[in-house]
Each structure stands twice: as structure tokens, then as C-alpha cells.
$ cat start12.cif   # mmCIF, C-alpha atoms
data_data
loop_
_atom_site.label_atom_id
_atom_site.label_comp_id
_atom_site.auth_asym_id
_atom_site.auth_seq_id
_atom_site.Cartn_x
_atom_site.Cartn_y
_atom_site.Cartn_z
CA HIS A 1 -10.97 -9.35 -10.75
CA LYS A 2 -10.94 -6.94 -13.68
CA ASN A 3 -10.08 -3.31 -13.08
CA HIS A 4 -12.56 -1.07 -14.90
CA THR A 5 -11.33 2.53 -15.11
CA PHE A 6 -13.38 5.50 -16.23
CA SER A 7 -11.76 8.69 -17.45
CA ASN A 8 -11.87 11.85 -15.35
CA PRO A 9 -14.74 13.99 -16.75
CA TYR A 10 -12.79 17.18 -15.95
CA ASP A 11 -9.53 15.99 -17.49
CA ALA A 12 -9.46 18.48 -20.40
CA GLU A 13 -10.51 21.36 -18.14
CA ILE A 14 -7.82 20.59 -15.57
CA ASP A 15 -5.13 20.16 -18.23
CA SER A 16 -5.84 23.55 -19.85
CA LEU A 17 -6.32 25.44 -16.56
CA PRO A 18 -3.76 28.24 -16.10
CA MET A 19 -2.17 28.72 -12.69
CA LEU A 20 -3.82 31.43 -10.61
CA GLU A 21 -2.01 34.76 -10.53
CA SER A 22 -1.87 34.59 -6.73
CA LEU A 23 0.43 31.53 -7.04
CA GLN A 24 2.63 33.03 -9.77
CA LYS A 25 3.63 36.30 -8.14
CA PRO A 26 6.07 36.43 -5.21
CA PRO A 27 4.15 36.00 -1.94
CA ALA A 28 4.06 38.69 0.69
CA LYS A 29 5.89 38.12 3.96
CA PHE A 30 3.65 36.26 6.36
CA ASP A 31 2.45 38.18 9.40
CA LYS A 32 3.21 36.09 12.50
CA ASN A 33 0.73 38.13 14.56
CA ARG A 34 -2.08 36.95 12.29
CA GLN A 35 -1.12 33.34 13.00
CA ARG A 36 -1.41 33.79 16.76
CA LYS A 37 -5.09 34.77 16.38
CA LEU A 38 -6.01 31.52 14.62
CA LEU A 39 -7.51 29.72 17.58
CA ILE A 40 -10.31 27.23 16.95
CA LYS A 41 -13.33 28.84 18.57
CA GLU A 42 -16.37 27.40 16.86
CA VAL A 43 -16.80 24.51 14.43
CA ASN A 44 -19.95 24.26 12.34
CA GLN A 45 -21.17 20.66 12.28
CA VAL A 46 -23.10 19.74 9.16
CA ASP A 47 -25.26 16.61 9.31
CA THR A 48 -28.49 17.45 7.44
CA PRO A 49 -29.09 18.09 3.71
CA GLU A 50 -30.32 21.60 4.50
CA GLU A 51 -27.15 22.45 6.42
CA LEU A 52 -25.01 21.06 3.59
CA THR A 53 -26.82 23.22 1.02
CA LYS A 54 -26.44 26.29 3.24
CA MET A 55 -22.71 25.62 3.71
CA ILE A 56 -22.19 25.41 -0.06
CA GLU A 57 -24.03 28.69 -0.56
CA VAL A 58 -21.85 30.38 2.07
CA LEU A 59 -18.57 29.09 0.59
CA GLN A 60 -19.22 29.44 -3.15
CA ASN A 61 -17.87 33.00 -3.21
CA GLU A 62 -14.60 32.16 -1.44
CA SER A 63 -11.36 32.38 -3.42
CA GLU A 64 -9.73 29.43 -1.61
CA LEU A 65 -10.77 26.56 0.65
CA ALA A 66 -8.87 24.05 2.77
CA ILE A 67 -10.21 20.49 2.55
CA ASP A 68 -9.41 17.22 4.31
CA LEU A 69 -11.11 13.84 4.83
CA GLU A 70 -11.28 11.22 7.57
CA HIS A 71 -11.57 7.70 6.19
CA HIS A 72 -12.33 4.27 7.68
CA SER A 73 -10.60 1.19 6.22
CA GLN A 74 -10.03 -1.17 9.17
CA ARG A 75 -13.24 -3.18 8.59
CA SER A 76 -14.04 -2.50 4.93
CA PHE A 77 -12.51 -3.74 1.68
CA GLN A 78 -12.36 -0.38 -0.12
CA GLY A 79 -13.06 1.75 2.95
CA PHE A 80 -15.42 4.73 3.10
CA THR A 81 -15.24 8.42 3.95
CA CYS A 82 -16.68 9.30 7.35
CA LEU A 83 -15.96 13.00 7.73
CA MET A 84 -15.06 15.99 5.58
CA GLN A 85 -13.36 19.09 7.00
CA VAL A 86 -13.69 22.38 5.10
CA SER A 87 -12.23 25.72 6.18
CA SER A 88 -12.26 29.21 4.76
CA ARG A 89 -10.22 32.05 6.22
CA ASP A 90 -12.78 32.62 8.97
CA GLN A 91 -15.03 29.54 9.24
CA ASP A 92 -14.62 25.81 9.90
CA PHE A 93 -17.07 23.07 8.92
CA LEU A 94 -17.26 19.36 9.74
CA VAL A 95 -19.50 17.42 7.37
CA ASP A 96 -20.89 14.04 8.46
CA CYS A 97 -20.33 12.02 5.30
CA ILE A 98 -22.02 8.92 6.74
CA LYS A 99 -25.36 10.63 7.32
CA LEU A 100 -25.09 12.69 4.13
CA ARG A 101 -23.61 10.05 1.84
CA SER A 102 -26.40 10.33 -0.74
CA ASP A 103 -26.27 14.17 -0.66
CA MET A 104 -22.51 14.74 -0.83
CA GLN A 105 -22.35 14.95 -4.62
CA GLN A 106 -23.61 18.54 -4.54
CA PHE A 107 -20.29 19.52 -2.93
CA ASN A 108 -18.89 19.05 -6.44
CA LEU A 109 -20.22 22.57 -7.15
CA LEU A 110 -17.35 23.88 -5.02
CA THR A 111 -14.58 21.42 -5.86
CA SER A 112 -15.09 21.65 -9.63
CA ASN A 113 -15.24 25.47 -9.62
CA PRO A 114 -11.94 26.56 -11.24
CA SER A 115 -12.04 30.01 -9.65
CA ILE A 116 -11.75 28.52 -6.14
CA LEU A 117 -8.31 27.24 -5.12
CA LYS A 118 -8.63 23.98 -3.14
CA VAL A 119 -5.80 23.47 -0.64
CA PHE A 120 -4.97 19.93 0.55
CA HIS A 121 -2.04 18.32 2.32
CA GLY A 122 -1.00 14.97 0.87
CA CYS A 123 -4.19 14.51 -1.16
CA THR A 124 -3.32 11.35 -3.13
CA HIS A 125 -5.88 9.27 -1.23
CA ASP A 126 -8.36 12.13 -0.77
CA ILE A 127 -8.81 12.45 -4.54
CA ASP A 128 -9.54 8.71 -4.78
CA TRP A 129 -11.99 8.75 -1.87
CA LEU A 130 -13.95 11.75 -3.18
CA GLN A 131 -14.38 10.08 -6.56
CA LYS A 132 -15.13 6.60 -5.20
CA ASP A 133 -17.64 7.54 -2.50
CA PHE A 134 -19.38 10.64 -3.87
CA GLY A 135 -18.50 11.21 -7.53
CA ILE A 136 -16.71 14.44 -6.54
CA TYR A 137 -13.83 15.77 -8.67
CA VAL A 138 -11.34 18.52 -7.86
CA VAL A 139 -10.39 21.27 -10.32
CA ASN A 140 -7.63 23.73 -9.37
CA LEU A 141 -5.86 22.37 -6.32
CA ILE A 142 -2.57 23.01 -4.58
CA ASP A 143 -1.01 20.45 -2.27
CA THR A 144 1.07 21.85 0.60
CA PHE A 145 2.97 18.55 0.74
CA LYS A 146 4.15 19.15 -2.85
CA ILE A 147 5.30 22.63 -1.83
CA SER A 148 7.12 21.30 1.22
CA LYS A 149 9.03 18.80 -0.94
CA ARG A 150 10.72 21.75 -2.66
CA LEU A 151 12.02 23.07 0.66
CA THR A 152 15.40 21.57 1.53
CA ASN A 153 15.71 22.43 5.22
CA LEU A 154 12.69 20.59 6.67
CA ARG A 155 13.01 17.88 9.30
CA SER A 156 9.65 16.35 8.37
CA ARG A 157 6.90 17.04 5.82
CA SER A 158 3.96 15.63 7.77
CA LEU A 159 1.13 18.07 8.50
CA GLY A 160 1.63 17.81 12.26
CA SER A 161 5.34 18.58 11.97
CA LEU A 162 4.78 21.55 9.62
CA LEU A 163 2.09 23.02 11.88
CA TYR A 164 4.43 22.75 14.85
CA GLU A 165 7.44 24.22 13.02
CA PHE A 166 5.72 27.11 11.23
CA CYS A 167 2.46 27.74 13.09
CA ASP A 168 3.44 26.97 16.69
CA VAL A 169 0.55 24.50 16.84
CA LEU A 170 0.92 21.14 18.56
CA VAL A 171 -1.70 18.66 17.31
CA ASP A 172 -2.41 15.48 19.27
CA LYS A 173 -1.91 12.80 16.61
CA SER A 174 -3.05 9.99 18.90
CA LEU A 175 -6.49 10.31 17.29
CA GLN A 176 -5.14 9.92 13.77
CA ASN A 177 -6.12 6.25 13.47
CA CYS A 178 -9.25 6.31 15.59
CA ASP A 179 -12.58 4.87 14.42
CA TRP A 180 -14.27 7.78 12.64
CA ARG A 181 -17.52 5.81 12.28
CA LEU A 182 -18.36 6.44 15.94
CA ARG A 183 -21.10 8.94 16.72
CA PRO A 184 -21.49 11.33 18.40
CA LEU A 185 -18.04 12.85 17.96
CA THR A 186 -16.32 13.91 21.14
CA ARG A 187 -14.94 17.41 21.59
CA SER A 188 -11.41 16.02 21.19
CA HIS A 189 -12.36 14.41 17.88
CA ILE A 190 -13.95 17.62 16.63
CA GLU A 191 -10.94 19.78 17.52
CA TYR A 192 -8.49 17.28 16.06
CA ALA A 193 -10.41 17.02 12.78
CA ALA A 194 -10.89 20.78 12.49
CA SER A 195 -7.18 21.45 13.08
CA ASP A 196 -6.31 19.63 9.84
CA THR A 197 -7.88 22.45 7.78
CA HIS A 198 -8.19 25.35 10.24
CA TYR A 199 -4.50 26.32 9.83
CA LEU A 200 -3.94 24.96 6.31
CA LEU A 201 -4.54 28.15 4.31
CA ASN A 202 -2.08 30.04 6.49
CA LEU A 203 0.39 27.17 6.28
CA LYS A 204 0.17 27.40 2.51
CA ASP A 205 1.05 31.12 2.66
CA ILE A 206 4.01 30.45 4.96
CA LEU A 207 5.40 27.61 2.81
CA LEU A 208 5.12 29.70 -0.35
CA PHE A 209 7.03 32.55 1.27
CA GLU A 210 9.70 30.10 2.51
CA LEU A 211 9.96 28.69 -1.01
CA TYR A 212 10.31 32.17 -2.48
CA GLN A 213 13.10 33.04 -0.05
CA GLN A 214 14.91 29.80 -0.83
CA SER A 215 14.66 30.40 -4.60
CA GLN A 216 16.09 33.90 -4.22
CA LYS A 217 18.94 32.62 -2.10
CA ASN A 218 19.80 29.90 -4.63
CA GLY A 219 19.36 32.10 -7.69
CA GLU A 220 16.40 30.08 -8.98
CA SER A 221 13.21 31.22 -10.70
CA TYR A 222 10.32 31.13 -8.24
CA GLN A 223 7.78 31.09 -11.08
CA ASP A 224 9.49 28.10 -12.74
CA ILE A 225 9.40 26.18 -9.45
CA MET A 226 5.72 26.98 -8.95
CA ASN A 227 4.94 25.90 -12.51
CA GLN A 228 6.47 22.51 -11.70
CA VAL A 229 4.59 22.25 -8.38
CA TYR A 230 1.29 23.20 -9.98
CA HIS A 231 1.82 20.69 -12.79
CA GLU A 232 2.32 17.94 -10.19
CA CYS A 233 -0.90 19.03 -8.48
CA LYS A 234 -2.71 18.93 -11.80
CA MET A 235 -1.62 15.35 -12.28
CA LEU A 236 -3.11 14.51 -8.87
CA SER A 237 -6.48 16.07 -9.68
CA ARG A 238 -6.58 14.32 -13.09
CA LYS A 239 -6.43 10.89 -11.45
CA SER A 240 -9.26 8.39 -11.92
CA TYR A 241 -10.12 6.02 -9.11
CA ARG A 242 -9.25 2.36 -9.68
CA LYS A 243 -10.70 -0.46 -7.67
CA PRO A 244 -7.96 -2.58 -6.02
CA VAL A 245 -6.79 -5.51 -8.15
CA THR A 246 -6.08 -8.98 -6.77
CA PHE A 247 -2.61 -9.47 -8.20
CA GLY A 248 -0.85 -6.13 -8.11
CA ARG A 249 2.58 -4.79 -7.26
CA HIS A 250 2.52 -5.97 -3.63
CA PHE A 251 1.68 -9.50 -4.75
CA ASP A 252 4.73 -9.58 -7.04
CA ILE A 253 7.01 -8.27 -4.29
CA LEU A 254 5.87 -10.80 -1.67
CA ARG A 255 5.78 -13.68 -4.15
CA ASN A 256 9.42 -13.08 -5.03
CA GLU A 257 10.20 -13.15 -1.32
CA VAL A 258 8.37 -16.48 -1.01
CA ILE A 259 10.25 -17.98 -3.98
CA MET A 260 13.53 -17.08 -2.31
CA MET A 261 12.25 -18.51 0.96
CA VAL A 262 10.93 -21.88 -0.23
CA GLY A 263 12.65 -22.61 -3.53
CA SER A 264 11.47 -22.96 -7.11
CA ASP A 265 8.21 -21.65 -8.57
CA SER A 266 6.75 -25.18 -8.80
CA ASN A 267 7.21 -25.80 -5.08
CA PHE A 268 4.13 -26.38 -2.93
CA GLY A 269 5.03 -23.36 -0.77
CA VAL A 270 4.64 -20.97 -3.71
CA LYS A 271 1.35 -22.58 -4.71
CA LEU A 272 0.20 -22.20 -1.12
CA PHE A 273 1.09 -18.49 -1.17
CA ASP A 274 -0.89 -17.98 -4.40
CA PHE A 275 -3.85 -19.82 -2.87
CA LEU A 276 -3.83 -17.78 0.37
CA TRP A 277 -3.45 -14.48 -1.46
CA GLU A 278 -6.40 -15.11 -3.78
CA LYS A 279 -8.60 -16.69 -1.09
CA ARG A 280 -8.05 -13.70 1.22
CA ASP A 281 -9.00 -11.32 -1.60
CA ASP A 282 -12.18 -13.29 -2.39
CA LEU A 283 -13.33 -13.30 1.24
CA ALA A 284 -12.53 -9.61 1.76
CA ARG A 285 -14.52 -8.58 -1.30
CA LYS A 286 -17.45 -10.88 -0.52
CA TYR A 287 -17.90 -9.75 3.08
CA ASP A 288 -16.56 -6.18 2.77
CA GLU A 289 -13.69 -6.69 5.18
CA SER A 290 -10.20 -5.27 4.91
CA LEU A 291 -7.51 -7.61 3.59
CA ASN A 292 -5.51 -7.18 6.77
CA TYR A 293 -8.49 -8.16 8.92
CA VAL A 294 -9.05 -11.41 6.99
CA LEU A 295 -5.35 -12.35 6.89
CA SER A 296 -2.34 -10.05 7.18
CA ASN A 297 0.68 -10.32 4.90
CA ARG A 298 2.70 -11.41 7.92
CA ASN A 299 0.20 -14.20 8.58
CA ILE A 300 0.45 -15.38 4.98
CA LEU A 301 4.25 -15.53 5.04
CA ASP A 302 4.22 -17.33 8.40
CA LEU A 303 1.75 -19.93 7.11
CA VAL A 304 3.82 -20.54 3.98
CA GLN A 305 7.03 -20.84 5.95
CA GLY A 306 5.44 -23.22 8.50
CA ARG A 307 3.37 -25.09 5.92
CA ARG A 308 4.15 -28.50 7.49
CA SER A 309 1.93 -27.53 10.43
CA PHE A 310 -0.48 -25.41 8.39
CA GLU A 311 -3.73 -26.59 9.95
CA SER A 312 -2.61 -25.97 13.53
CA LYS A 313 -1.26 -22.51 12.67
CA VAL A 314 -4.56 -21.55 11.03
CA ARG A 315 -6.43 -22.77 14.11
CA ARG A 316 -4.26 -20.56 16.31
CA ILE A 317 -5.06 -17.52 14.15
CA GLN A 318 -8.75 -18.36 14.39
CA ASN A 319 -8.67 -18.79 18.18
CA LYS A 320 -6.69 -15.58 18.66
CA ASN A 321 -8.83 -13.33 16.45
CA ASN A 322 -12.10 -15.30 16.35
CA LEU A 323 -12.06 -15.25 12.55
CA HIS A 324 -14.58 -17.64 11.01
CA PHE A 325 -12.93 -17.12 7.60
CA MET A 326 -10.32 -19.65 8.67
CA GLU A 327 -12.81 -22.49 8.26
CA VAL A 328 -13.22 -21.66 4.58
CA ILE A 329 -9.46 -21.42 4.13
CA LEU A 330 -8.93 -24.82 5.78
CA GLU A 331 -11.60 -26.45 3.64
CA ASP A 332 -10.17 -25.15 0.36
CA TYR A 333 -6.63 -25.83 1.52
CA ALA A 334 -7.41 -29.55 1.78
CA LYS A 335 -8.53 -29.51 -1.87
CA LEU A 336 -5.39 -27.67 -2.93
CA LYS A 337 -3.13 -30.09 -1.06
CA ASN A 338 -4.77 -33.20 -2.50
CA LYS A 339 -4.69 -31.79 -6.01
CA PHE A 340 -1.03 -30.79 -5.71
CA TRP A 341 0.15 -34.18 -4.47
CA ASN A 342 -1.95 -36.08 -7.01
CA GLU A 343 -0.41 -34.01 -9.80
CA THR A 344 3.05 -34.62 -8.34
CA GLU A 345 2.50 -38.38 -8.19
CA ASP A 346 1.14 -38.48 -11.76
CA LYS A 347 4.18 -36.58 -12.93
CA ILE A 348 6.56 -39.04 -11.25
CA VAL A 349 4.74 -42.03 -12.79
CA GLU A 350 4.79 -40.40 -16.22
CA GLU A 351 8.51 -39.72 -15.97
CA SER A 352 9.10 -43.33 -14.86
CA VAL A 353 7.25 -44.67 -17.93
CA GLU A 354 9.31 -42.45 -20.21
CA LYS A 355 12.51 -43.67 -18.55
CA ASN A 356 11.46 -47.32 -19.02
CA ASP A 357 10.87 -46.71 -22.73
CA PHE A 358 14.32 -45.18 -23.06
CA ASN A 359 15.87 -48.11 -21.16
CA GLN A 360 14.24 -50.68 -23.45
CA GLU A 361 15.52 -48.82 -26.48
CA ALA A 362 19.02 -48.74 -25.01
CA ARG A 363 18.94 -52.48 -24.30
CA ASN A 364 17.89 -53.21 -27.86
CA ASN A 365 20.70 -51.06 -29.20
CA ALA A 366 23.22 -52.72 -26.87
CA ASN A 367 22.20 -56.29 -27.82
CA ASN A 368 21.67 -55.26 -31.43
CA ILE A 369 20.83 -58.73 -32.86
CA GLY A 370 21.78 -58.87 -36.54
CA VAL A 371 19.74 -60.11 -39.53
CA GLY A 372 21.60 -63.41 -39.61
CA GLY A 373 21.02 -64.06 -35.90
CA GLY A 374 24.64 -63.44 -34.90
CA ARG A 375 25.52 -60.95 -32.13
CA ARG A 376 27.41 -57.86 -33.29
CA GLN A 377 30.70 -57.11 -31.55
CA PHE A 378 30.71 -53.92 -29.37
CA THR A 379 32.51 -50.94 -30.81
CA GLU A 380 33.52 -47.78 -28.95
CA SER A 381 30.19 -46.14 -29.75
CA ASN A 382 28.33 -49.23 -28.55
CA ASN A 383 30.23 -49.04 -25.22
CA GLU A 384 29.03 -45.43 -24.81
CA GLU A 385 25.46 -46.49 -25.49
CA SER A 386 25.78 -49.32 -22.98
CA GLN A 387 26.93 -46.86 -20.31
CA LYS A 388 23.92 -44.67 -21.03
CA MET A 389 21.72 -47.73 -20.62
CA VAL A 390 23.17 -48.39 -17.17
CA ASP A 391 22.65 -44.75 -16.14
CA ARG A 392 19.04 -44.82 -17.26
CA SER A 393 18.45 -48.08 -15.41
CA LEU A 394 19.74 -46.51 -12.20
CA LYS A 395 17.41 -43.55 -12.70
CA THR A 396 14.51 -45.93 -13.24
CA ILE A 397 15.26 -47.70 -9.97
CA LEU A 398 15.41 -44.31 -8.21
CA GLY A 399 12.09 -43.34 -9.73
CA MET A 400 10.53 -46.59 -8.53
CA LYS A 401 11.76 -45.90 -5.00
CA ILE A 402 10.27 -42.41 -5.11
CA GLN A 403 6.99 -43.81 -6.43
CA PHE A 404 6.88 -46.38 -3.65
CA LYS A 405 7.52 -43.70 -1.00
CA VAL A 406 4.83 -41.43 -2.43
CA ASN A 407 2.30 -44.27 -2.44
CA ILE A 408 3.04 -45.01 1.23
CA GLN A 409 2.63 -41.33 2.13
CA LYS A 410 -0.60 -41.10 0.14
CA GLU A 411 -2.11 -44.09 1.94
CA ALA A 412 -1.09 -42.65 5.32
CA ARG A 413 -2.69 -39.26 4.51
CA SER A 414 -5.84 -40.95 3.25
CA GLN A 415 -6.22 -42.89 6.49
CA LYS A 416 -5.54 -39.76 8.53
CA ASN A 417 -8.18 -37.76 6.60
CA GLU A 418 -10.76 -40.51 7.06
CA THR A 419 -10.10 -40.45 10.81
CA LYS A 420 -10.50 -36.65 10.94
CA LYS A 421 -13.76 -36.76 8.97
CA SER A 422 -15.24 -39.17 11.46
CA VAL A 423 -14.31 -36.94 14.43
CA LEU A 424 -14.62 -33.31 13.27
CA THR A 425 -17.91 -31.60 12.51
CA PRO A 426 -18.21 -28.33 10.49
CA THR A 427 -18.59 -25.18 12.57
CA PHE A 428 -18.84 -22.53 9.85
CA SER A 429 -22.28 -22.78 8.33
CA TYR A 430 -23.35 -19.24 7.44
CA LEU A 431 -20.88 -19.00 4.57
CA GLN A 432 -22.36 -22.01 2.75
#

$ encode --input "start12.cif" --output "C-alpha cells"
Amino acid sequence: HKNHTFSNPYDAEIDSLPMLESLQKPPAKFDKNRQRKLLIKEVNQVDTPEELTKMIEVLQNESELAIDLEHHSQRSFQGFTCLMQVSSRDQDFLVDCIKLRSDMQQFNLLTSNPSILKVFHGCTHDIDWLQKDFGIYVVNLIDTFKISKRLTNLRSRSLGSLLYEFCDVLVDKSLQNCDWRLRPLTRSHIEYAASDTHYLLNLKDILLFELYQQSQKNGESYQDIMNQVYHECKMLSRKSYRKPVTFGRHFDILRNEVIMMVGSDSNFGVKLFDFLWEKRDDLARKYDESLNYVLSNRNILDLVQGRRSFESKVRRIQNKNNLHFMEVILEDYAKLKNKFWNETEDKIVEESVEKNDFNQEARNNANNIGVGGGRRQFTESNNEESQKMVDRSLKTILGMKIQFKVNIQKEARSQKNETKKSVLTPTFSYLQ
């Protein structure tokens, strides 16, 4: 699967964008009393094109906005954005990205506006999702996670931990991995989603003041530190979304683990790993399922390690999770296994023929009948050649034994497969 990448259309603009003056100058001390008034009272839910247009008109004159996304990836290959949270200093919005998927691109009017500072927390995936799902790009962003990485006295840099430590806000993170496709949203879902951006602008102010105090204490230049932070944020916003590739970094890592587990690269276990990895990717792309739903990495390693009982292990996975993909995997696995063993047998036969040729040559050299018909006496070099002949003969015998064993195994498997074909009937028809 080729990975086509398109350049970021705002790349030059982002690269040349100067940092806002509000980020360069030392921040004012944060007023704790202001933080105590930041209770979530009302959340504006946006689920029609008219409401989306009105929201953009209301926010286009703001100097800074907090943005976050809720994404679903449990049952989708690339995943999709379900919800967008947007907050100004005095308003919160929840945008239904499922209902408004075809209208979301107009939000680019806000995100690409360089005069509006967009505040995210840990936005690596958010940038990808905005580009992939809606064609939305972000110009002029600051990531509070990048700021927090410059602070040395933090116990954790997660948003929930920072909100608790600096804003006295305890967010229930049990909803973090919930299914955001479900509608209508409950009150708990709405409050949880809104909390991700409702406090974020104030959190940004607090973290900047903490960073300024730390720089003064350590005799560092606050402006130099902010230049570095802003440069890192620029690099995030200049990203271009790339569709997942089949054989990437995780494949290399796990394949090395398999090689250590089963032996050399030519071993059947490694070939089985390659087969499962690629087959899982094909099925996930074809039916828009997540890789983990089709077959987890743990499942793949377990199947490779217990390859001698592969079919039964696959059946157990199918019965446990009711995954019809397993039928396709079993069918193609049989082809892989037959091909592998046929190639192995052909290789053994070929090596045996080569060994026989060498043995015949050695025998001719050892006998070495002269022109006059008399037999030449053995010299020291002839004795060495004779010993080589004996060694090769022993190897030939060993090769014949291996060939005989392989033939017996092949016949047994062939009979077993014929028996299975006469008993089993296919149960997975809709993939044909």
C-alpha cells in the first residue's frame, strides 16, 4: 500500500509567521479568583449547518480559541472525528462532526486565521484528524503539552493532571475511551467533553506564568524558551496527514521479536508472521475495521509461537470474538503452508542432486584411471580428496533420509487434508 503525501498548503505561511507579542512578553500573574468562577454553566450544541455558520461568525473576532476533538477508532481502519469542542473566554461549543461532516470545512476560516491563537493540549493526532476528515489546517497554534514539558517540577503532563494541579478541577476520565458515535450525548458526556477546552485558555496562562517564574529562578531567557516552544508548535501545524502504511516501524519491531523467538529469517514462523500481518492489514482496509479488531498484535505473536496448532488457535479466536475474518485467514494459511513445504522439499531435492554430482566427481578423482589403463598410486593429496569423498557420501545419505521423511510427512498431510475437505463445509460466504 503506497503512502501518498500532499504538502501542507499553509506551510510557507506557518513557517514565516512571527510569534504573537502576547507570547513573547512576560505573562502577568494569574488571578486565582478568576479561576474559581470558571464553572461550566451552559454548552452550546451545534448540529446544523446554520448553527455552525453562526458559531464561526461569533468566534471570528476572538484573539484566542481552545480546541479539542473526540475521535472513534475502535471499529474503523483510519478512524473518524465525532465531536469538536471549541471554547472562547466566555463560551463553550460542542460541534457534532458526524452530522456536519460535509460542512466542517468552513471551520478552516477560524483555524487558518493567523491573528487567532489556537490552543490545544497534545495536538499531534488532532492535526492529523482535522486534515484527514475535513481538510482543515491550523495556523498559529500553541500546545500546552509543549509548555508543560519545559516545566521540571510536574508529576504528570496529562490534561487531567494539570487541571487538577493548577485549576483545582477534577475531571472524570472514565469517559475518555467511550464510544463517541452514540447519540444523543448524555449530560455526563457533554460536561466531560466541554471540560477539555473550557479551562484550557486559563491553563495556558497559568503554565506560561509558571514557566516565566522558573526561567527567572534559573537565570534563563524566557523569550528564548518561548521561541523554542513556538517553533515546536509550528512543526506540529506544518504536518501533512499520511495514511497508515502496511509495513512500518511497528512491523519491524515485532518482526525482530519474532526472529528472536523462532529462529532464522527463512523459518516458517517468520513467514507466518509476515502473512498474518499483511492479511490483517488487507482485511482491515477492505472492511474499514481497526487492525486490533481484526487481529491484535498479541494474537499474532501467540499464533506464530503456537504455529503447530495454528488452526485450533484461530478457531478459538473466532469463537471468542465471533470474527468471520478468521475463515479467510484459515483459507489463505493453507495455501501458504503448502507453498512453504513444497519449496522446502524442492530445495532439499536440489541440494541432494548437487551433492550427488560432487560425489561422482570425487569418486572419479579418487580412482583416477590413467591413459594406459593402470591405476595411479594415492599420494597425500589424493588421500585428502578421498576423505572429502567419504564426507560428501555421508551428507548424501543424510539428505536421502531427510527426503524420505519429508515425503512421508507430505503424504500424511495430503491424506489429512482430503479427509477434512470431505467433512468441513465453508461458512464464510459473504466475503467471496

$ axis_aligned_box --input "start12.cif" --around "segment 310-324 of chain A" --padding-each-side "5 Å" --output "AutoDock Vina command-line options"
--center_x -7.5 --center_y -20.0 --center_z 13.5 --size_x 24.1 --size_y 23.3 --size_z 20.3

$ closest_residue --input "start12.cif" --among "A:Ser237, A:Ser156, A:Thr48, A:Gln106" --to "Val119 of chain A" --atoms "all atoms listed in the file"
A:Ser237

$ residues_around --input "start12.cif" --residues "Val43 of chain A" --least-positions-apart "5" --cutoff "9 Å" --atoms "all atoms listed in the file" --output "count of residues only"
7

$ closest_residue --input "start12.cif" --among "A:Leu236, A:Cys82, A:Met55, A:Val139" --to "Ala12 of chain A" --atoms "all atoms listed in the file"
A:Val139

$ resolve_selection --input "start12.cif" --expression "the PyMOL selection byres ((chain A and resi 197-209) around 9)" --output "ChimeraX atom specification"
/A:23,26-30,35,38-40,64-68,85-92,119-121,142-144,147-148,151,159,162-163,166-167,169,193-196,210-214

$ residues_near_point --input "start12.cif" --point "(-3.1, -17.7, -2.5)" --cutoff "12 Å" --atoms "only C-alpha atoms" --output "PyMOL selection string"
chain A and resi 246-247+251+254-255+258+268-283+295+297+300-301+303-304+329+332-333+336

$ closest_residue --input "start12.cif" --among "A:Gln131, A:Ser158, A:Ser290, A:Asn218" --to "Tyr10 of chain A" --atoms "only C-alpha atoms"
A:Gln131

$ closest_residue --input "start12.cif" --among "A:Leu130, A:Met326, A:Leu185, A:Ala334" --to "Gly79 of chain A" --atoms "all atoms listed in the file"
A:Leu130

$ closest_residue --input "start12.cif" --among "A:Lys339, A:Asp288, A:Asn256, A:Met261" --to "Gln305 of chain A" --atoms "all atoms listed in the file"
A:Met261

$ atom_distance --input "start12.cif" --atom1 "atom CA of Thr186 of chain A" --atom2 "atom CA of Lys41 of chain A"
15.4 Å

$ atom_distance --input "start12.cif" --atom1 "atom CA of Asp133 of chain A" --atom2 "atom CA of Gln105 of chain A"
9.0 Å

$ residues_near_point --input "start12.cif" --point "(6.8, 25.9, -7.9)" --cutoff "10 Å" --atoms "only C-alpha atoms" --output "PyMOL selection string"
chain A and resi 23-24+146-147+150+208+211-212+215+221-232

$ atom_distance --input "start12.cif" --atom1 "atom CA of Ile14 of chain A" --atom2 "atom CA of Thr152 of chain A"
28.9 Å

$ resolve_selection --input "start12.cif" --expression "the PyMOL selection byres ((chain A and resi 323) around 12)" --output "JSON, numbers by chain"
{"A": [283, 289, 292, 293, 294, 295, 314, 315, 316, 317, 318, 319, 320, 321, 322, 324, 325, 326, 327, 328, 329, 427, 428]}

$ closest_residue --input "start12.cif" --among "A:Val245, A:Leu141, A:Ile56, A:Leu182" --to "Leu83 of chain A" --atoms "all atoms listed in the file"
A:Leu182

$ resolve_selection --input "start12.cif" --expression "the PyMOL selection byres ((chain A and resi 138) around 8)" --output "PDB file with C-alpha atoms, in the frame of the given file"
ATOM      1  CA  ASN A 108     -18.890  19.050  -6.440  1.00  0.00           C
ATOM      2  CA  THR A 111     -14.580  21.420  -5.860  1.00  0.00           C
ATOM      3  CA  SER A 112     -15.090  21.650  -9.630  1.00  0.00           C
ATOM      4  CA  LYS A 118      -8.630  23.980  -3.140  1.00  0.00           C
ATOM      5  CA  ILE A 127      -8.810  12.450  -4.540  1.00  0.00           C
ATOM      6  CA  ILE A 136     -16.710  14.440  -6.540  1.00  0.00           C
ATOM      7  CA  TYR A 137     -13.830  15.770  -8.670  1.00  0.00           C
ATOM      8  CA  VAL A 139     -10.390  21.270 -10.320  1.00  0.00           C
ATOM      9  CA  ASN A 140      -7.630  23.730  -9.370  1.00  0.00           C
ATOM     10  CA  LEU A 141      -5.860  22.370  -6.320  1.00  0.00           C
ATOM     11  CA  SER A 237      -6.480  16.070  -9.680  1.00  0.00           C
TER      12      SER A 237
END

$ residues_around --input "start12.cif" --residues "Cys97 of chain A" --least-positions-apart "3" --cutoff "10 Å" --atoms "only C-alpha atoms" --output "PyMOL selection string"
chain A and resi 46-47+69-71+80-84+94+100-104+133-134+181
